[in-house]
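Structure first, commentary second.
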Amino acid sequence: MKVLRKNQIQIALQLIVSLLLIRYGLFKTLSLDHELSDFEFLNFIISLILIYVGSLILYLIIKQEKYPEKKYIKNIEKAYYKYLGVNSLGIGISFFLANEIGNVGYFGFFIAFAALLYLYMTQWIKIPLLSNIIFSVIATYPIFTLIVLEILPNISSMNAGFSNELLIIILFSFGILLTLSFLIKTLILDLIHVEEDRKHNKKTLATLHGIIVGSKRTAVLILLPILTILYFFIKYYNQLPLFSLYCLLGIGLPFLVAMIQLYRAKNTKGFKISNHILNIIIWLTIISIVFLFFNIKNYVAS
């Protein structure tokens with residue numbers, strides 16, 4: 001799977017915005033019980049960024065070793081030291097964070113995140129479909145980490161008249177929806193870069209089965225997030241009508257448009273349009289946190 005740098009930056013930005021909205025748009029604004037202080041949350045973000053940057057350095061090292069005729073980096077040996085330094089710093093901050101709050105789970109989650117990125121960059125990126133699945137999991141891993149370690153320990157409490165248990169279910173659904181979105185995005189990127197992957201003998205579903213089969217199969221896969229949204233709308237509309245309606249119309253309908261457009265796409269131009277639509281859908285999904293906040297406020301007020 002070929003992920004352009006601009007996509008890497010955009011995904012990182014989407015991740016950070018998601019974490020900030022969950023933390024300050026929900027946990028703090030609604031006065032929910034949570035584990036981290038603002039300073040500790042800042043360390044949480046910095047540690048994630050450093051580990052993520054380290055993985056990008058490792059990615060460039062691997063590309064340089066595979067294609068020595070190109071100039072991804074100037075000095076491989078120095079790049080390895082940079083990778084080890086940045087990664088170690090990120091893990092070190094997470095260790096400080098875990099020690100500060102007395103929760104070893106934080107350190108374990110960050111170690112697992114670094115290991116997951118390393119295995120993905122060095123091994124799993126070569127395996128069709130598995131590389132797509134792992135990348136989508138990596139993209140949303142910090143969101144699940146924040147949910148599990150910030151608010152899950154307080155699941156039995158009630159805050160501002162709204163059940164933490166229901167909020168956790170909603171946030172996990174949010175994370176799953178984003179994971180599916182990133183999975184679909186990576187499959188579309190494979191379709192966009194199929195010729196380049198063939199040139200470099202890189203195996204993806206697109207190179208193995210062709211772009212026509214790939215586009216139609218990926219379009220059918222979009223039914224998963226659509227059905228997820230539809231189920232959520234039916235189950236939670238009575239409790240969260242504003243949020244549920246936004247998910248159905250603001251996210252579900254664009255997914256339907258993306259599915260139809262991708263099913264009809266037959267060339268790179270059509271796949272790029274699908275990729276742009278997916279980017280918009282991901283941002284619309286992230287914005288849903290704002291609607292969730294206002295709906296919870298209305299729920300409590302009523």
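By order in the structure tokens, chains are A, B, ...; within a chain, residues start at 1; ligands start at 1, following the order shown.
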
Give me, as JSON lines, each residue of segment 107-178 of chain A that comes within 7 Å of segment 185-208 of chain A, together with its shortest interatomic pair and the distance in Å at one decimal, counting only C-alpha atoms, with rows ordered by chain and rising residue number.
{"residue": "A:Lys126", "atom": "CA", "partner": "A:Lys203", "partner_atom": "CA", "distance": 6.9}
{"residue": "A:Pro128", "atom": "CA", "partner": "A:Thr204", "partner_atom": "CA", "distance": 4.6}
{"residue": "A:Leu129", "atom": "CA", "partner": "A:Leu205", "partner_atom": "CA", "distance": 6.6}
{"residue": "A:Asn132", "atom": "CA", "partner": "A:Thr186", "partner_atom": "CA", "distance": 5.9}

Nearby residues (only C-alpha atoms) at most 8 Å from Leu97 of chain A, same-chain spacing under 5 positions excluded, as number ranges by chain: A: 40, 43-44, 106-107

Secondary structure check, strand (DSSP E) residues of segment 32-213 of chain A, as a ChimeraX atom specification: /A:158-159,162-163

Restricted to all heavy atoms, what would the selected residues look like written as an mmCIF file, in the first residue's frame?
data_model
loop_
_atom_site.group_PDB
_atom_site.id
_atom_site.type_symbol
_atom_site.label_atom_id
_atom_site.label_comp_id
_atom_site.auth_asym_id
_atom_site.auth_seq_id
_atom_site.Cartn_x
_atom_site.Cartn_y
_atom_site.Cartn_z
ATOM 1 N N MET A 158 -21.712 8.181 37.193
ATOM 2 C CA MET A 158 -22.625 9.000 36.390
ATOM 3 C C MET A 158 -22.144 10.438 36.465
ATOM 4 O O MET A 158 -21.853 10.934 37.543
ATOM 5 C CB MET A 158 -24.043 8.907 36.936
ATOM 6 C CG MET A 158 -24.669 7.530 36.812
ATOM 7 S SD MET A 158 -25.211 7.144 35.137
ATOM 8 C CE MET A 158 -26.564 8.301 34.970
ATOM 9 N N ASN A 159 -22.032 11.077 35.319
ATOM 10 C CA ASN A 159 -21.562 12.445 35.292
ATOM 11 C C ASN A 159 -22.538 13.306 34.512
ATOM 12 O O ASN A 159 -22.924 12.972 33.397
ATOM 13 C CB ASN A 159 -20.183 12.527 34.625
ATOM 14 C CG ASN A 159 -19.125 11.785 35.410
ATOM 15 O OD1 ASN A 159 -18.569 12.301 36.350
ATOM 16 N ND2 ASN A 159 -18.877 10.535 35.017
ATOM 17 N N PHE A 162 -25.478 11.786 32.621
ATOM 18 C CA PHE A 162 -25.340 10.946 31.429
ATOM 19 C C PHE A 162 -24.434 9.771 31.762
ATOM 20 O O PHE A 162 -23.364 9.936 32.346
ATOM 21 C CB PHE A 162 -24.752 11.770 30.282
ATOM 22 C CG PHE A 162 -24.889 11.111 28.949
ATOM 23 C CD1 PHE A 162 -26.069 11.191 28.229
ATOM 24 C CD2 PHE A 162 -23.830 10.397 28.397
ATOM 25 C CE1 PHE A 162 -26.196 10.588 26.985
ATOM 26 C CE2 PHE A 162 -23.949 9.795 27.161
ATOM 27 C CZ PHE A 162 -25.132 9.891 26.449
ATOM 28 N N SER A 163 -24.842 8.581 31.387
ATOM 29 C CA SER A 163 -24.110 7.371 31.724
ATOM 30 C C SER A 163 -22.775 7.292 30.978
ATOM 31 O O SER A 163 -22.725 7.410 29.756
ATOM 32 C CB SER A 163 -24.952 6.144 31.385
ATOM 33 O OG SER A 163 -24.173 4.974 31.439
#

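In this structure, atom CA of Leu42 of chain A sits 28.1 Å away from atom CA of Leu183 of chain A.
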
Shell around Met259 of chain A at 9 Å using only C-alpha atoms, local window under 3 positions removed, as number ranges by chain: A: 216, 218-223, 254-256, 262-264, 274

Atom CA of Ile151 of chain A to atom CA of Leu230 of chain A, distance in Å rounded to a single decimal: 26.3 Å

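When atom CA of Pro241 of chain A is paired with atom CA of Ser173 of chain A, their separation reads 16.2 Å.
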